[in-house]
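Here is the file data.cif (mmCIF, C-alpha atoms).
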```cif
data_work
loop_
_atom_site.group_PDB
_atom_site.id
_atom_site.type_symbol
_atom_site.label_atom_id
_atom_site.label_comp_id
_atom_site.auth_asym_id
_atom_site.auth_seq_id
_atom_site.Cartn_x
_atom_site.Cartn_y
_atom_site.Cartn_z
ATOM 1 C CA MET A 1 0.000 0.000 0.000
ATOM 2 C CA THR A 2 1.157 3.531 -0.740
ATOM 3 C CA ARG A 3 1.730 6.050 2.007
ATOM 4 C CA ALA A 4 -1.435 7.945 1.069
ATOM 5 C CA TRP A 5 -3.538 4.818 1.667
ATOM 6 C CA TRP A 6 -1.861 4.258 5.051
ATOM 7 C CA VAL A 7 -2.588 7.862 6.033
ATOM 8 C CA ALA A 8 -6.215 7.452 4.934
ATOM 9 C CA ALA A 9 -6.594 4.157 6.858
ATOM 10 C CA VAL A 10 -5.170 5.631 10.083
ATOM 11 C CA CYS A 11 -7.362 8.747 9.789
ATOM 12 C CA LEU A 12 -10.440 6.635 9.082
ATOM 13 C CA GLY A 13 -9.703 4.706 12.286
ATOM 14 C CA PHE A 14 -9.431 7.997 14.191
ATOM 15 C CA GLY A 15 -12.880 8.984 12.918
ATOM 16 C CA VAL A 16 -14.856 5.728 12.952
ATOM 17 C CA VAL A 17 -13.708 4.177 16.234
ATOM 18 C CA PRO A 18 -14.338 7.235 18.457
ATOM 19 C CA ALA A 19 -17.595 8.034 16.627
ATOM 20 C CA ALA A 20 -18.834 4.492 17.291
ATOM 21 C CA ALA A 21 -17.688 4.612 20.924
ATOM 22 C CA GLN A 22 -19.106 8.068 21.621
ATOM 23 C CA GLN A 23 -22.092 7.683 19.329
ATOM 24 C CA THR A 24 -21.617 11.318 18.297
ATOM 25 C CA GLY A 25 -20.114 12.441 15.040
ATOM 26 C CA SER A 26 -20.681 14.132 11.731
ATOM 27 C CA VAL A 27 -20.154 13.596 8.036
ATOM 28 C CA GLY A 28 -19.844 16.558 5.697
ATOM 29 C CA ILE A 29 -19.417 17.218 1.993
ATOM 30 C CA GLN A 30 -18.572 20.742 0.861
ATOM 31 C CA ARG A 31 -18.039 22.288 -2.585
ATOM 32 C CA GLY A 32 -16.603 25.661 -3.401
ATOM 33 C CA LEU A 33 -13.868 27.645 -5.088
ATOM 34 C CA SER A 34 -10.114 27.799 -4.773
ATOM 35 C CA ALA A 35 -7.704 30.628 -5.522
ATOM 36 C CA PRO A 36 -5.517 31.479 -7.433
ATOM 37 C CA GLY A 37 -7.825 29.694 -9.955
ATOM 38 C CA PRO A 38 -10.572 30.501 -9.518
ATOM 39 C CA ALA A 39 -11.460 26.847 -9.891
ATOM 40 C CA LEU A 40 -13.677 24.281 -8.179
ATOM 41 C CA ALA A 41 -12.785 22.757 -4.819
ATOM 42 C CA GLY A 42 -14.377 20.105 -2.631
ATOM 43 C CA THR A 43 -13.826 18.276 0.664
ATOM 44 C CA ALA A 44 -15.445 15.396 2.505
ATOM 45 C CA ASN A 45 -14.887 14.417 6.147
ATOM 46 C CA LEU A 46 -16.023 11.987 8.829
ATOM 47 C CA LEU A 47 -15.528 13.409 12.321
ATOM 48 C CA ALA A 48 -15.949 12.034 15.824
ATOM 49 C CA GLU A 49 -17.242 14.830 18.047
ATOM 50 C CA PHE A 50 -16.388 15.241 21.734
ATOM 51 C CA GLY A 51 -18.319 18.334 22.811
ATOM 52 C CA SER A 52 -16.553 21.227 21.101
ATOM 53 C CA PHE A 53 -13.582 19.134 19.822
ATOM 54 C CA SER A 54 -13.717 16.942 16.694
ATOM 55 C CA ILE A 55 -11.223 14.650 14.949
ATOM 56 C CA GLY A 56 -11.290 12.414 11.888
ATOM 57 C CA PRO A 57 -10.274 11.777 8.281
ATOM 58 C CA GLU A 58 -10.666 14.245 5.435
ATOM 59 C CA VAL A 59 -10.179 14.072 1.655
ATOM 60 C CA GLY A 60 -10.329 16.883 -0.851
ATOM 61 C CA VAL A 61 -9.417 18.188 -4.284
ATOM 62 C CA SER A 62 -8.840 21.759 -5.410
ATOM 63 C CA GLY A 63 -8.435 23.127 -8.897
ATOM 64 C CA LEU A 64 -5.653 25.698 -9.089
ATOM 65 C CA GLY A 65 -6.194 27.011 -12.634
ATOM 66 C CA ASP A 66 -4.371 26.139 -15.897
ATOM 67 C CA GLY A 67 -4.861 22.402 -15.328
ATOM 68 C CA ALA A 68 -3.150 22.444 -11.923
ATOM 69 C CA LYS A 69 -4.764 20.455 -9.063
ATOM 70 C CA ALA A 70 -4.078 19.510 -5.469
ATOM 71 C CA TRP A 71 -5.534 16.371 -3.843
ATOM 72 C CA HIS A 72 -5.225 15.777 -0.103
ATOM 73 C CA VAL A 73 -5.863 12.844 2.249
ATOM 74 C CA GLY A 74 -5.278 13.247 5.976
ATOM 75 C CA GLY A 75 -6.606 14.030 9.398
ATOM 76 C CA ALA A 76 -8.667 17.039 10.473
ATOM 77 C CA PHE A 77 -8.982 18.498 13.962
ATOM 78 C CA GLY A 78 -11.672 21.029 14.830
ATOM 79 C CA LEU A 79 -12.638 23.217 17.763
ATOM 80 C CA GLY A 80 -15.891 25.135 17.906
ATOM 81 C CA ALA A 81 -19.238 25.758 19.519
ATOM 82 C CA SER A 82 -21.226 22.586 20.267
ATOM 83 C CA ALA A 83 -24.576 24.307 20.914
ATOM 84 C CA GLY A 84 -26.653 27.030 19.354
ATOM 85 C CA ARG A 85 -28.147 27.609 15.940
ATOM 86 C CA ILE A 86 -24.993 29.276 14.541
ATOM 87 C CA ARG A 87 -21.785 27.450 15.506
ATOM 88 C CA PRO A 88 -18.424 29.050 14.635
ATOM 89 C CA HIS A 89 -15.419 26.725 14.396
ATOM 90 C CA GLY A 90 -11.733 26.546 13.595
ATOM 91 C CA ALA A 91 -9.931 23.668 11.873
ATOM 92 C CA VAL A 92 -6.401 22.349 11.421
ATOM 93 C CA ALA A 93 -5.629 19.498 9.041
ATOM 94 C CA VAL A 94 -2.413 17.656 8.287
ATOM 95 C CA ALA A 95 -2.429 15.690 5.066
ATOM 96 C CA ARG A 96 -0.508 14.156 2.229
ATOM 97 C CA TYR A 97 -0.983 16.475 -0.732
ATOM 98 C CA SER A 98 -0.588 15.413 -4.329
ATOM 99 C CA TRP A 99 0.233 18.665 -6.132
ATOM 100 C CA LYS A 100 -0.014 18.733 -9.909
ATOM 101 C CA VAL A 101 1.285 22.173 -10.893
ATOM 102 C CA CYS A 102 0.275 21.973 -14.572
ATOM 103 C CA GLY A 103 -1.867 19.778 -16.822
ATOM 104 C CA ASP A 104 1.098 17.834 -18.287
ATOM 105 C CA CYS A 105 3.324 17.786 -15.166
ATOM 106 C CA ALA A 106 3.916 14.842 -12.836
ATOM 107 C CA SER A 107 2.329 15.048 -9.375
ATOM 108 C CA LEU A 108 4.443 15.921 -6.338
ATOM 109 C CA GLY A 109 3.592 14.059 -3.109
ATOM 110 C CA LEU A 110 4.133 16.394 -0.177
ATOM 111 C CA LEU A 111 3.177 16.740 3.456
ATOM 112 C CA GLY A 112 0.948 19.773 3.950
ATOM 113 C CA ILE A 113 -1.125 21.626 6.479
ATOM 114 C CA SER A 114 -4.314 23.667 6.291
ATOM 115 C CA LEU A 115 -5.849 26.188 8.681
ATOM 116 C CA GLY A 116 -9.487 27.161 8.456
ATOM 117 C CA ALA A 117 -12.322 29.086 10.054
ATOM 118 C CA GLY A 118 -16.010 28.792 9.398
ATOM 119 C CA ALA A 119 -19.500 28.431 10.764
ATOM 120 C CA SER A 120 -22.415 26.013 10.719
ATOM 121 C CA LEU A 121 -26.075 26.938 10.559
ATOM 122 C CA VAL A 122 -27.715 24.051 12.452
ATOM 123 C CA ARG A 123 -31.286 22.804 12.282
ATOM 124 C CA PRO A 124 -31.433 21.096 15.715
ATOM 125 C CA PRO A 125 -34.211 18.505 15.424
ATOM 126 C CA SER A 126 -32.957 17.052 12.128
ATOM 127 C CA GLY A 127 -29.201 16.956 12.747
ATOM 128 C CA LEU A 128 -28.648 18.697 9.410
ATOM 129 C CA SER A 129 -26.542 21.804 9.071
ATOM 130 C CA LEU A 130 -25.169 24.037 6.359
ATOM 131 C CA GLU A 131 -21.440 24.603 6.811
ATOM 132 C CA THR A 132 -19.122 27.159 5.244
ATOM 133 C CA GLU A 133 -15.365 27.427 5.642
ATOM 134 C CA LEU A 134 -12.423 29.523 4.483
ATOM 135 C CA ARG A 135 -9.202 27.506 4.509
ATOM 136 C CA TRP A 136 -5.530 28.193 3.703
ATOM 137 C CA HIS A 137 -3.468 25.206 2.469
ATOM 138 C CA ARG A 138 0.365 25.126 2.471
ATOM 139 C CA GLN A 139 3.115 22.617 1.829
ATOM 140 C CA LEU A 140 5.403 21.663 4.725
ATOM 141 C CA GLN A 141 8.105 19.806 2.759
ATOM 142 C CA ARG A 142 10.648 21.441 0.461
ATOM 143 C CA VAL A 143 11.173 19.894 -2.971
ATOM 144 C CA GLY A 144 13.789 22.241 -4.353
ATOM 145 C CA ALA A 145 11.280 24.744 -5.736
ATOM 146 C CA SER A 146 12.000 28.387 -5.037
ATOM 147 C CA GLU A 147 8.357 29.112 -4.148
ATOM 148 C CA THR A 148 6.233 27.482 -1.466
ATOM 149 C CA MET A 149 3.015 26.007 -2.837
ATOM 150 C CA SER A 150 -0.099 27.362 -1.132
ATOM 151 C CA PHE A 151 -3.695 28.204 -1.984
ATOM 152 C CA VAL A 152 -7.002 29.223 -0.391
ATOM 153 C CA THR A 153 -10.396 27.496 -0.596
ATOM 154 C CA VAL A 154 -13.904 28.690 0.253
ATOM 155 C CA THR A 155 -16.452 25.878 0.624
ATOM 156 C CA LEU A 156 -20.150 25.475 1.436
ATOM 157 C CA GLY A 157 -22.179 22.319 1.907
ATOM 158 C CA PRO A 158 -24.367 20.069 4.039
ATOM 159 C CA THR A 159 -23.271 18.255 7.198
ATOM 160 C CA LEU A 160 -25.184 15.511 8.995
ATOM 161 C CA ARG A 161 -24.666 15.211 12.770
ATOM 162 C CA TRP A 162 -25.743 12.305 14.971
#
```

Give the structure from this file in structure tokens form.
Amino acid sequence: MTRAWWVAAVCLGFGVVPAAAQQTGSVGIQRGLSAPGPALAGTANLLAEFGSFSIGPEVGVSGLGDGAKAWHVGGAFGLGASAGRIRPHGAVAVARYSWKVCGDCASLGLLGISLGAGASLVRPPSGLSLETELRWHRQLQRVGASETMSFVTVTLGPTLRW
């Protein structure tokens, strides 16, 4: 198995096992835009929730314009309000990024980090919410390039909490 699959398997364990034990969690799928594109972006996550703290696996893809893309698979950690109709939150994710800097270029596998802030509009009886997030993604490893690869995403989408 490749390293990306190992990262995904470990993160899935972090999300599924605590969610099953705690019987509280969430699954979310968001779509949006990424800059410097602008191009489409999307993320999906499965999080175990412990009051205001959440942890679990996340996958995503972001278009970066001119055929460039960045895929990521890793773990997300969140901290935010656990009650109320509007719930602000912050997020940190560490992931393996597959950066493809142009349409014909080979992908670069790099360790990366993302920092985000957002809010959920929750409909309490149903467990459904609408979540939006602004997130900055950045590489952590150097590959000999003079510039650090980074981009910003803005996403919006449904989340189901149980």

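Put simply, CA of Leu108 in chain A is 16.5 Å away from CA of Asp66 in chain A.
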
### Task
Determine the nearest neighbour of Ala48 in chain A from the options A:Leu111, A:Ala119, A:Leu79, A:Met149, counting all atoms listed in the file.
A:Leu79

### Query
Exactly which residues make up the result of the PyMOL selection byres ((chain A and resi 98) around 10) on this file, given as number ranges by chain?
A: 4, 61, 69-73, 95-97, 99-101, 106-112

#### Entry: Counting all atoms listed in the file, the residue of A:Leu115, A:Leu160, A:Ala68, A:Val154 that sits nearest Gly42 in chain A
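Checking each candidate against Gly42 in chain A, we get A:Val154 as the closest.
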
### Query
Which polymer residues have any atom within 12 Å of an atom of Ala81 in chain A, counting all atoms listed in the file, with same-chain residues fewer than 3 positions away left out, as a VMD selection string?
chain A and resid 49 to 54 78 84 to 90 118 to 122

### Message
Report, in Å with one decimal, the straight-line distance from CA of Ala35 in chain A to CA of Ser150 in chain A.
### Response
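CA of Ala35 in chain A sits 9.4 Å away from CA of Ser150 in chain A.
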
### Task
Just give me the residues with any atom within 10 Å of (-14.9, 26.2, -1.8), file coordinates, counting all atoms listed in the file, written as a PyMOL selection string.
chain A and resi 30-35+38-43+62+132-135+152-157

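When all atoms listed in the file are used to measure the gap to Leu128 in chain A, the shortest distance among A:Gly37, A:Gly65, A:Val92, A:Thr159 belongs to A:Thr159.
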
### Query
What does the distance from CA of Leu130 in chain A to CA of Val27 in chain A come to in Å, to one decimal?
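We find that CA of Leu130 in chain A and CA of Val27 in chain A lie 11.7 Å from each other.
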
#### Entry: Counting all atoms listed in the file, the option among A:Leu64, A:Pro158, A:Asp104, A:Phe151 closest to Glu131 in chain A
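Looking only at the distances to Glu131 in chain A, the closest residue turns out to be A:Pro158.
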
### Query
Pick the closest to Ala91 in chain A from A:Ala44, A:Val59, A:Ala117, A:Leu140: which is it, counting only C-alpha atoms?
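Smallest distance to Ala91 in chain A is found for A:Ala117.
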
### Task
Pick out the closest residue to Gly56 in chain A from this set: A:Trp136, A:Ser82, A:Gly28, A:Pro36. Count all atoms listed in the file.
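Looking at the shortest contact to Gly56 in chain A, the residue is A:Gly28.
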